[in-house]
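Structure first, then comments.
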Amino acid sequence: MIPHMGAPPPPTPGTAGFALLVGSDPRPIAMYSKLLGEVGMRVAVLTDGEVALRALSSGDLPRLVIIDLSLAKFDGFAVLAALRLRAAPERVPALAMSAFPTLRKVARKHLDNLGVSALLSKTATREAVHRAVRRALAGIRRIEEDERRDFDTLAKKERTRLERLAQSKLIEDLAPQAGLSAVVTKAAGAFGVPMAMLTLVRDDGEWFKAHQGLSPALINQRGIPLSASISRHVIGAESDEPLIIPDATRHPCFNDNPLVKSGAFRGYAGAALVSPQGDALGVLSIMDQRPLTIGSAEASALVLWARQAAGELALAIGHRQRASAAAGTATLVAPSGVHALGAMQGDLTQSLPLLRTLFAALDSGVMLFGPDRTLMFANEAAPELLALPAKQLIKQSREQVVTQVATMLKDKDGFAYEMRVLPTGPVALRSDLELLWPQRRILRWIEQPVALGATGNGQLVVLTDVSAEVDLETERERLARSDTLTGLTNRRGGEEAIVREVARAHRHSTPLGFVYFDLDNFRQVNETYGYPVGDRVLREVATMLAKTLRGGDFAVRWGGEELLAVLPGTALDGAQATGERIRVMVEKTVFEGVGSVTISAGCAELMGGEGSAEAIARADYKLYEAKRGGRNCVQ
């Protein structure tokens with residue numbers, strides 16, 4: 001586990017110093033801590049903005065600050081502004097991370113004032129994070145944000161979300177719903193705030209489904225226009241973490257919001273209501289006309305209340321489905337068996353034979369927890385998928401089942417964090433888990449409440465093996481990093497791999513060599529013999545390069561006819577020897593339809609404390625010298 005301290009420790013003389021991480025989500029914090037350890041830095045973790053402000057206002061400054069822009073008590077913008085009053089970016093570089101694209105967009109507009117070296121999303125790859133850390137420590141500012149965002153996919157996801165919201169008929173149903181109202185009232189009381197609301201977010205605004213303490217003017221409007229909606233920014237988040245705005249009047253994103261300017265509220269926190277299908281249908285928000293003073297643990301607990309509110313929404317949708325089915329007007333299809341479960345009355349144990357019949361033939365695992373969250377039923381597929389004996393599941397509580405499953409996972413702490421729920425009440429959530437034993441398997445855990453008639457409400461868990469789906473996506477990612485013409489790693493994949501090798505070289509004080517190749521007069525080959533022939537020549541040269549390199553080396557198509565060999569554990573003289581060996585092989589090869597072709601190369605070795613960009617730039621300059629010196633040589 002990562003220690004959370006009240007103030008960062010002073011740097012130890014002779015080391016790279018310490019890094020300060022500010023954020024409450026343990027999943028990215030764990031990744032950042034591991035990466036920083038790999039580059040020789042100690043880490044202090046602070047969970048809210050108030051403690052971070054105190055730590056940065058006195059005592060020794062960290063070597064690097066990595067901060068979440070959404071923090072309890074004081075937001076990340078305020079903390080960065082305080083840091084810059086004490087230290088310039090050259091002295092203490094900073095990386096900003098956020099799951100909310102809106103916050104990153106505004107941070108981009110204030111880069112000079114904040115002194116941020118990189119903006120990172122919560123979906124940033126490990127390689128992208130490592131690259132950003134190395135560049136920040138080297139004093140390089142290069143803002144690369146949302147490099148993995150597929151805007152077509154995001155647009156399709158939003159269309160699906162809106163379609164499912166429309167199908168639910170939740171907005172058209174104006175009747176108050178006791179379960180939703182109870183969640184909102186209890187949430188306001190739990191956080192000690194006067195206002196709370198549960199809203200559904202459409203493409204034209206957010207609509208009140210339940211509320212507590214709102215002004216009559218807002219209530220009469222039945223909603224908030226999209227232009228004034230803060231909840232729409234929560235819907236667009238890349239994770240289920242809450243958006244926290246301790247003081248909206250001082251926040252660069254929201255200080256000009258019409259509701260904030262009118263005094264409707266000043267402090268705000270909101271968490272998305274995620275359906276079992278993975279759609280963020282709405283938001284549970286808490287508000288105050290004073291600055292919001294909840295701590296990081298309370299802010300994290302807002303997600304649990306949102307899961308309960310999403311559970312109440314699922315029950316409301318299920319009730320509508322059953323009513324429509326009874327009236328013969330059903331337009332929605334519930335998961336297999338849910339209607340049967342909802343129709344049960346009296347003693348549920350009398351219906352267990354029906355459950356076995358319904359679910360025995362399914363490949364998906366099914367578990368039914370009773371109103372007390374004790375496992376009442378599991379089909380044969382459930383223990384098989386979880387690699388647990390059936391007798392270890394039945395009559396176990398939900399928490400006990402989660403604990404048993406966590407022992408077999410790659411990310412035990414992350415799974416436990418994602419599966420947190422309130423002690424009582426309905427729950428809706430969805431999570432993917434990677435089992436390592438007895439074989440690697442990725443399961444999707446979808447949980448939603450079901451009405452069990454007179455017995456009360458239970459929790460239905462459906463487990464699906466999505467290993468093939470995830471592996472296919474992984475393969476797509478691999479292909480996205482491969483050059484289709486040469487079969488080598490493409491530049492994107494190469495840059496990510498080089499970041500790892502640079503970190504390893506610095507960590508173990510081992511050499512790292514680079515050889516930058518370029519085919520001589522390649523334009524003439526293309527113009528004389530045609531581009532298909534040129535492509536074939538380039539492909540054959542790339543194959544020679546790949547076959548010549550050692551097992552730990554790799555080659556990258558850096559661009560056009562430029563190829564880059566990356567040689568871990570190889571110093572400058574070894575890189576030059578490799579370059580010369582490739583040059584001679586190309587010179588001696590007779591290419592069909594073309595004849596002889598030559599290649600030039602520039603070599604460099606990674607120096608202490610520098611990043612890959614500097615070393616590759618030197619290799620590029622040496623390549624230029626080789627070209628200027630007559631080509632067909634290695635410099």
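Here, A, B, ... name the chains of the structure tokens in the order displayed, residue numbers run from 1 inside each chain, and ligands are numbered from 1 in the same displayed order.
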
Check the DSSP output for the backbone and give back, as a PyMOL selection string, the residues of region 338-474 of chain A in strand (DSSP E or B). chain A and resi 365-369+374-378+397+409+429-435+441-451+457-465

Close residues, Ile498 (chain A) itself excluded, 12 Å, only C-alpha atoms, min 6 positions apart in chain, as a list in words: Glu127, Ala128, His130, Arg131, Arg134, Thr489, Asn490, Arg491, Arg492, Arg504, Ala505, Leu512, Gly513, Phe514, Asp553, Phe554, Ala555, Val556, Leu564, Ala565, Val566, Leu567, Pro568, Leu606, Gly611, Ser612, Ala613, Ala615 and Ile616 of chain A

Output the selection as an mmCIF file, in the first residue's frame - N, CA, C and O atoms for each residue.
data_model
loop_
_atom_site.group_PDB
_atom_site.id
_atom_site.type_symbol
_atom_site.label_atom_id
_atom_site.label_comp_id
_atom_site.auth_asym_id
_atom_site.auth_seq_id
_atom_site.Cartn_x
_atom_site.Cartn_y
_atom_site.Cartn_z
ATOM 1 N N GLU A 127 3.241 4.012 -20.744
ATOM 2 C CA GLU A 127 4.354 4.565 -21.504
ATOM 3 C C GLU A 127 4.227 6.085 -21.639
ATOM 4 O O GLU A 127 5.221 6.809 -21.540
ATOM 5 N N ALA A 128 2.998 6.562 -21.873
ATOM 6 C CA ALA A 128 2.793 8.013 -22.003
ATOM 7 C C ALA A 128 3.108 8.724 -20.688
ATOM 8 O O ALA A 128 3.705 9.809 -20.679
ATOM 9 N N HIS A 130 5.155 7.617 -18.335
ATOM 10 C CA HIS A 130 6.600 7.546 -18.129
ATOM 11 C C HIS A 130 7.315 8.603 -18.969
ATOM 12 O O HIS A 130 8.252 9.269 -18.499
ATOM 13 N N ARG A 131 6.875 8.761 -20.207
ATOM 14 C CA ARG A 131 7.481 9.759 -21.089
ATOM 15 C C ARG A 131 7.296 11.164 -20.513
ATOM 16 O O ARG A 131 8.221 11.980 -20.520
ATOM 17 N N ARG A 134 9.673 11.697 -17.515
ATOM 18 C CA ARG A 134 11.054 11.906 -17.916
ATOM 19 C C ARG A 134 11.255 13.291 -18.531
ATOM 20 O O ARG A 134 12.252 13.968 -18.254
ATOM 21 N N THR A 489 8.041 -2.027 -35.718
ATOM 22 C CA THR A 489 7.256 -1.144 -34.860
ATOM 23 C C THR A 489 7.146 0.224 -35.521
ATOM 24 O O THR A 489 8.125 0.713 -36.099
ATOM 25 N N ASN A 490 5.942 0.834 -35.458
ATOM 26 C CA ASN A 490 5.814 2.174 -36.024
ATOM 27 C C ASN A 490 6.312 3.213 -35.021
ATOM 28 O O ASN A 490 6.731 2.880 -33.908
ATOM 29 N N ARG A 491 6.271 4.458 -35.402
ATOM 30 C CA ARG A 491 6.875 5.494 -34.553
ATOM 31 C C ARG A 491 6.164 5.595 -33.209
ATOM 32 O O ARG A 491 6.822 5.745 -32.169
ATOM 33 N N ARG A 492 4.852 5.501 -33.215
ATOM 34 C CA ARG A 492 4.107 5.588 -31.952
ATOM 35 C C ARG A 492 4.537 4.479 -30.995
ATOM 36 O O ARG A 492 4.874 4.735 -29.840
ATOM 37 N N ARG A 504 15.087 2.138 -18.036
ATOM 38 C CA ARG A 504 15.864 0.983 -17.579
ATOM 39 C C ARG A 504 17.367 1.294 -17.613
ATOM 40 O O ARG A 504 18.111 0.920 -16.701
ATOM 41 N N ALA A 505 17.808 1.979 -18.666
ATOM 42 C CA ALA A 505 19.226 2.316 -18.778
ATOM 43 C C ALA A 505 19.674 3.232 -17.647
ATOM 44 O O ALA A 505 20.744 3.039 -17.048
ATOM 45 N N LEU A 512 22.819 2.563 -23.681
ATOM 46 C CA LEU A 512 21.723 2.409 -24.637
ATOM 47 C C LEU A 512 22.142 3.104 -25.925
ATOM 48 O O LEU A 512 22.378 4.315 -25.936
ATOM 49 N N GLY A 513 22.252 2.307 -27.008
ATOM 50 C CA GLY A 513 22.705 2.855 -28.276
ATOM 51 C C GLY A 513 21.582 3.032 -29.282
ATOM 52 O O GLY A 513 20.563 2.328 -29.233
ATOM 53 N N PHE A 514 21.764 3.985 -30.187
ATOM 54 C CA PHE A 514 20.803 4.263 -31.252
ATOM 55 C C PHE A 514 21.542 4.323 -32.586
ATOM 56 O O PHE A 514 22.633 4.913 -32.668
ATOM 57 N N ASP A 553 17.258 -6.142 -28.804
ATOM 58 C CA ASP A 553 17.205 -4.947 -29.651
ATOM 59 C C ASP A 553 15.869 -4.886 -30.390
ATOM 60 O O ASP A 553 15.161 -5.883 -30.513
ATOM 61 N N PHE A 554 15.536 -3.727 -30.896
ATOM 62 C CA PHE A 554 14.356 -3.622 -31.756
ATOM 63 C C PHE A 554 14.538 -2.492 -32.757
ATOM 64 O O PHE A 554 15.357 -1.578 -32.543
ATOM 65 N N ALA A 555 13.785 -2.591 -33.856
ATOM 66 C CA ALA A 555 13.879 -1.605 -34.933
ATOM 67 C C ALA A 555 12.537 -0.917 -35.111
ATOM 68 O O ALA A 555 11.474 -1.516 -34.918
ATOM 69 N N VAL A 556 12.590 0.358 -35.488
ATOM 70 C CA VAL A 556 11.395 1.192 -35.638
ATOM 71 C C VAL A 556 11.430 1.861 -37.006
ATOM 72 O O VAL A 556 12.486 2.352 -37.430
ATOM 73 N N LEU A 564 15.130 3.225 -37.367
ATOM 74 C CA LEU A 564 15.890 3.470 -36.134
ATOM 75 C C LEU A 564 16.089 2.151 -35.409
ATOM 76 O O LEU A 564 15.119 1.444 -35.119
ATOM 77 N N ALA A 565 17.347 1.813 -35.133
ATOM 78 C CA ALA A 565 17.659 0.631 -34.334
ATOM 79 C C ALA A 565 17.930 1.072 -32.905
ATOM 80 O O ALA A 565 18.711 2.010 -32.669
ATOM 81 N N VAL A 566 17.283 0.425 -31.942
ATOM 82 C CA VAL A 566 17.447 0.732 -30.518
ATOM 83 C C VAL A 566 18.148 -0.461 -29.887
ATOM 84 O O VAL A 566 17.666 -1.600 -29.970
ATOM 85 N N LEU A 567 19.294 -0.190 -29.240
ATOM 86 C CA LEU A 567 20.192 -1.266 -28.816
ATOM 87 C C LEU A 567 20.451 -1.190 -27.308
ATOM 88 O O LEU A 567 21.441 -0.579 -26.862
ATOM 89 N N PRO A 568 19.598 -1.779 -26.477
ATOM 90 C CA PRO A 568 19.835 -1.784 -25.019
ATOM 91 C C PRO A 568 21.135 -2.508 -24.682
ATOM 92 O O PRO A 568 21.467 -3.546 -25.271
ATOM 93 N N LEU A 606 23.039 7.074 -25.347
ATOM 94 C CA LEU A 606 22.331 7.843 -24.326
ATOM 95 C C LEU A 606 23.311 8.309 -23.259
ATOM 96 O O LEU A 606 24.092 7.513 -22.734
ATOM 97 N N GLY A 611 17.138 12.471 -21.941
ATOM 98 C CA GLY A 611 16.061 11.660 -22.471
ATOM 99 C C GLY A 611 16.399 11.166 -23.870
ATOM 100 O O GLY A 611 17.431 11.515 -24.454
ATOM 101 N N SER A 612 15.492 10.361 -24.418
ATOM 102 C CA SER A 612 15.741 9.773 -25.728
ATOM 103 C C SER A 612 15.800 10.821 -26.830
ATOM 104 O O SER A 612 16.525 10.651 -27.819
ATOM 105 N N ALA A 613 15.034 11.908 -26.687
ATOM 106 C CA ALA A 613 14.968 12.918 -27.750
ATOM 107 C C ALA A 613 16.349 13.494 -28.049
ATOM 108 O O ALA A 613 16.723 13.680 -29.215
ATOM 109 N N ALA A 615 19.338 12.070 -27.462
ATOM 110 C CA ALA A 615 20.217 11.058 -28.062
ATOM 111 C C ALA A 615 19.858 10.828 -29.530
ATOM 112 O O ALA A 615 20.747 10.737 -30.396
ATOM 113 N N ILE A 616 18.566 10.744 -29.819
ATOM 114 C CA ILE A 616 18.138 10.514 -31.200
ATOM 115 C C ILE A 616 18.477 11.724 -32.066
ATOM 116 O O ILE A 616 18.847 11.582 -33.240
#

Determine, counting only C-alpha atoms, which protein, DNA and RNA residues have an atom within 10 Å of an atom of region 220-229 of chain A; residues of the same chain fewer than 2 positions away are not included. Present the result as a ChimeraX atom specification. /A:174,199-210,215-218,231-234,254,256-260

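Neighbouring residues of Gly236 (chain A) at 10 Å or closer, counting only C-alpha atoms and skipping chain neighbours under 6 positions away, are A:Ala99, A:Phe100, A:Pro101, A:Thr102, A:Leu154, A:Glu158, A:Ala272, A:Ala280.
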
Just the residues within 9 Å of region 249-251 of chain A, please, counting only C-alpha atoms, with nothing from its chain fewer than 5 positions along; format it as an NGL selection string. :A and (75 or 77-78 or 256-257 or 260-261 or 266-267 or 291)

Among region 71-141 of chain A, which residues carry a DSSP assignment of alpha helix (DSSP H), reported as a PyMOL selection string? chain A and resi 76-86+101-109+111-114+126-137

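Here the question is which of A:Phe522, A:Gln635, A:Phe74, A:Ser181 gets nearest to Tyr268 (chain A) using only C-alpha atoms, and that residue is A:Phe74.
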
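Closest approach to Leu162 (chain A) among A:Ile446, A:Ile235, A:Val51, A:Leu35 is made by A:Ile235 (distances from only C-alpha atoms).
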
For region 93-118 of chain A against region 16-27 of chain A, with a cut-off of 10 Å and counting only C-alpha atoms, what is the closest atom pair and its distance in Å to one decimal for every residue that makes the cut, ordered by chain and number, as CSV?
residue,atom,partner,partner_atom,distance
A:Ala94,CA,A:Leu20,CA,9.5
A:Leu95,CA,A:Leu21,CA,9.6
A:Ala96,CA,A:Val22,CA,9.7
A:Met97,CA,A:Gly23,CA,9.2
A:Ser98,CA,A:Gly23,CA,9.7

Could you name the residues that touch Arg108 (chain A) at 12 Å or less, counting only C-alpha atoms, but leaving out those on the same chain fewer than 5 positions away, as a PDB file with N, CA and C atoms, in the first residue's frame?
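This is the output file selection-v4.pdb:
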ATOM      1  N   PHE A  77      -6.058  23.562  -9.410  1.00  0.00           N
ATOM      2  CA  PHE A  77      -5.638  24.847  -9.968  1.00  0.00           C
ATOM      3  C   PHE A  77      -5.103  25.753  -8.857  1.00  0.00           C
ATOM      4  N   LEU A  95       3.107  17.980 -13.366  1.00  0.00           N
ATOM      5  CA  LEU A  95       2.218  17.298 -14.296  1.00  0.00           C
ATOM      6  C   LEU A  95       0.811  17.380 -13.716  1.00  0.00           C
ATOM      7  N   ALA A  96      -0.169  17.649 -14.561  1.00  0.00           N
ATOM      8  CA  ALA A  96      -1.568  17.700 -14.132  1.00  0.00           C
ATOM      9  C   ALA A  96      -2.318  16.547 -14.770  1.00  0.00           C
ATOM     10  N   MET A  97      -3.124  15.848 -13.962  1.00  0.00           N
ATOM     11  CA  MET A  97      -3.928  14.744 -14.490  1.00  0.00           C
ATOM     12  C   MET A  97      -5.386  14.989 -14.137  1.00  0.00           C
ATOM     13  N   PRO A 101     -12.224  15.899 -19.232  1.00  0.00           N
ATOM     14  CA  PRO A 101     -11.663  16.665 -20.352  1.00  0.00           C
ATOM     15  C   PRO A 101     -11.838  18.167 -20.192  1.00  0.00           C
ATOM     16  N   THR A 102     -12.923  18.606 -19.561  1.00  0.00           N
ATOM     17  CA  THR A 102     -13.160  20.043 -19.376  1.00  0.00           C
ATOM     18  C   THR A 102     -12.048  20.669 -18.544  1.00  0.00           C
ATOM     19  N   LEU A 103     -11.639  20.000 -17.477  1.00  0.00           N
ATOM     20  CA  LEU A 103     -10.588  20.558 -16.627  1.00  0.00           C
ATOM     21  C   LEU A 103      -9.263  20.628 -17.382  1.00  0.00           C
ATOM     22  N   ASN A 113       0.729  30.265 -16.513  1.00  0.00           N
ATOM     23  CA  ASN A 113       0.551  30.603 -15.099  1.00  0.00           C
ATOM     24  C   ASN A 113       0.735  29.386 -14.198  1.00  0.00           C
ATOM     25  N   LEU A 114       0.263  28.226 -14.665  1.00  0.00           N
ATOM     26  CA  LEU A 114       0.334  27.024 -13.838  1.00  0.00           C
ATOM     27  C   LEU A 114       1.697  26.350 -13.929  1.00  0.00           C
ATOM     28  N   GLY A 115       2.419  26.602 -15.009  1.00  0.00           N
ATOM     29  CA  GLY A 115       3.719  25.977 -15.171  1.00  0.00           C
ATOM     30  C   GLY A 115       3.633  24.469 -15.292  1.00  0.00           C
ATOM     31  N   VAL A 116       2.675  23.986 -16.066  1.00  0.00           N
ATOM     32  CA  VAL A 116       2.456  22.548 -16.214  1.00  0.00           C
ATOM     33  C   VAL A 116       3.265  22.014 -17.392  1.00  0.00           C
ATOM     34  N   SER A 117       3.984  20.914 -17.170  1.00  0.00           N
ATOM     35  CA  SER A 117       4.799  20.324 -18.225  1.00  0.00           C
ATOM     36  C   SER A 117       4.005  19.385 -19.109  1.00  0.00           C
ATOM     37  N   ALA A 118       2.937  18.787 -18.571  1.00  0.00           N
ATOM     38  CA  ALA A 118       2.124  17.848 -19.355  1.00  0.00           C
ATOM     39  C   ALA A 118       0.746  17.751 -18.741  1.00  0.00           C
ATOM     40  N   LEU A 119      -0.256  17.525 -19.582  1.00  0.00           N
ATOM     41  CA  LEU A 119      -1.630  17.265 -19.163  1.00  0.00           C
ATOM     42  C   LEU A 119      -1.942  15.818 -19.507  1.00  0.00           C
ATOM     43  N   LEU A 120      -2.362  15.053 -18.527  1.00  0.00           N
ATOM     44  CA  LEU A 120      -2.563  13.626 -18.728  1.00  0.00           C
ATOM     45  C   LEU A 120      -3.974  13.220 -18.348  1.00  0.00           C
ATOM     46  N   ARG A 142       6.168  19.625 -23.173  1.00  0.00           N
ATOM     47  CA  ARG A 142       5.529  19.227 -24.428  1.00  0.00           C
ATOM     48  C   ARG A 142       4.145  18.696 -24.079  1.00  0.00           C
ATOM     49  N   ILE A 143       3.143  19.491 -24.316  1.00  0.00           N
ATOM     50  CA  ILE A 143       1.794  19.122 -23.918  1.00  0.00           C
ATOM     51  C   ILE A 143       1.222  18.121 -24.909  1.00  0.00           C
ATOM     52  N   GLU A 144       1.007  16.907 -24.427  1.00  0.00           N
ATOM     53  CA  GLU A 144       0.377  15.861 -25.234  1.00  0.00           C
ATOM     54  C   GLU A 144      -0.834  15.379 -24.460  1.00  0.00           C
ATOM     55  N   GLU A 145      -2.004  15.743 -24.918  1.00  0.00           N
ATOM     56  CA  GLU A 145      -3.218  15.417 -24.182  1.00  0.00           C
ATOM     57  C   GLU A 145      -4.156  14.604 -25.056  1.00  0.00           C
ATOM     58  N   PRO A 252     -11.412  28.338 -12.247  1.00  0.00           N
ATOM     59  CA  PRO A 252     -11.315  28.888 -13.609  1.00  0.00           C
ATOM     60  C   PRO A 252     -12.287  28.260 -14.602  1.00  0.00           C
ATOM     61  N   CYS A 253     -12.799  27.064 -14.295  1.00  0.00           N
ATOM     62  CA  CYS A 253     -13.748  26.419 -15.213  1.00  0.00           C
ATOM     63  C   CYS A 253     -15.177  26.895 -14.987  1.00  0.00           C
TER      64      CYS A 253
END

Of A:Arg539, A:His508, A:Arg583, A:Arg320, the one nearest to Leu488 (chain A) when counting only C-alpha atoms is A:Arg539

Could you pull the residues within 9 Å of Val586 (chain A), counting only C-alpha atoms, minus those fewer than 6 positions along the same chain, as a list of chain:residue names? A:Val541, A:Met544, A:Ser596, A:Val597, A:Thr598, A:Ile599

Create the file for the chosen residues now, containing all heavy atoms and written as an mmCIF file, in the first residue's frame.
data_model
loop_
_atom_site.group_PDB
_atom_site.id
_atom_site.type_symbol
_atom_site.label_atom_id
_atom_site.label_comp_id
_atom_site.auth_asym_id
_atom_site.auth_seq_id
_atom_site.Cartn_x
_atom_site.Cartn_y
_atom_site.Cartn_z
ATOM 1 N N VAL A 541 15.006 -4.213 -46.802
ATOM 2 C CA VAL A 541 16.020 -3.631 -45.918
ATOM 3 C C VAL A 541 15.569 -3.742 -44.466
ATOM 4 O O VAL A 541 16.365 -4.073 -43.564
ATOM 5 C CB VAL A 541 16.294 -2.165 -46.299
ATOM 6 C CG1 VAL A 541 17.189 -1.497 -45.254
ATOM 7 C CG2 VAL A 541 16.931 -2.082 -47.676
ATOM 8 N N MET A 544 16.162 -7.243 -43.259
ATOM 9 C CA MET A 544 17.586 -7.436 -42.940
ATOM 10 C C MET A 544 17.906 -6.868 -41.559
ATOM 11 O O MET A 544 18.596 -7.508 -40.748
ATOM 12 C CB MET A 544 18.466 -6.708 -43.971
ATOM 13 C CG MET A 544 18.543 -7.334 -45.329
ATOM 14 S SD MET A 544 19.705 -6.355 -46.324
ATOM 15 C CE MET A 544 19.016 -6.655 -47.938
ATOM 16 N N SER A 596 21.779 -2.421 -57.032
ATOM 17 C CA SER A 596 22.363 -2.077 -55.735
ATOM 18 C C SER A 596 21.708 -0.834 -55.136
ATOM 19 O O SER A 596 21.260 0.062 -55.854
ATOM 20 C CB SER A 596 23.869 -1.847 -55.875
ATOM 21 O OG SER A 596 24.098 -0.729 -56.725
ATOM 22 N N VAL A 597 21.656 -0.835 -53.823
ATOM 23 C CA VAL A 597 21.133 0.288 -53.039
ATOM 24 C C VAL A 597 22.067 0.463 -51.858
ATOM 25 O O VAL A 597 22.635 -0.510 -51.346
ATOM 26 C CB VAL A 597 19.694 -0.003 -52.546
ATOM 27 C CG1 VAL A 597 19.242 1.055 -51.554
ATOM 28 C CG2 VAL A 597 18.723 -0.064 -53.709
ATOM 29 N N THR A 598 22.283 1.690 -51.429
ATOM 30 C CA THR A 598 23.135 1.930 -50.257
ATOM 31 C C THR A 598 22.345 2.610 -49.155
ATOM 32 O O THR A 598 21.252 3.151 -49.381
ATOM 33 C CB THR A 598 24.350 2.795 -50.625
ATOM 34 O OG1 THR A 598 23.891 4.084 -51.098
ATOM 35 C CG2 THR A 598 25.187 2.127 -51.710
ATOM 36 N N ILE A 599 22.955 2.591 -47.984
ATOM 37 C CA ILE A 599 22.286 3.154 -46.807
ATOM 38 C C ILE A 599 23.319 3.900 -45.979
ATOM 39 O O ILE A 599 24.494 3.515 -45.928
ATOM 40 C CB ILE A 599 21.610 2.032 -45.972
ATOM 41 C CG1 ILE A 599 20.620 2.617 -44.964
ATOM 42 C CG2 ILE A 599 22.643 1.144 -45.276
ATOM 43 C CD1 ILE A 599 19.743 1.558 -44.308
#

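Of the residues under consideration (A:Arg507, A:Arg557, A:Lys73, A:Arg523), A:Lys73 shows the shortest atom-to-atom contact distance to Ile294 (chain A) when counting only C-alpha atoms.
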
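Nearest to Trp445 (chain A) of all the residues A:Thr578, A:Glu298, A:Glu605, A:Gln277 is A:Gln277, based on only C-alpha atoms.
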
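Closest approach to Asn457 (chain A) among A:Leu443, A:Leu435, A:Val427, A:Met408 is made by A:Val427 (distances from only C-alpha atoms).
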
Taken to one decimal, the CA of Asp411 (chain A)-CA of Leu385 (chain A) distance is 17.4 Å
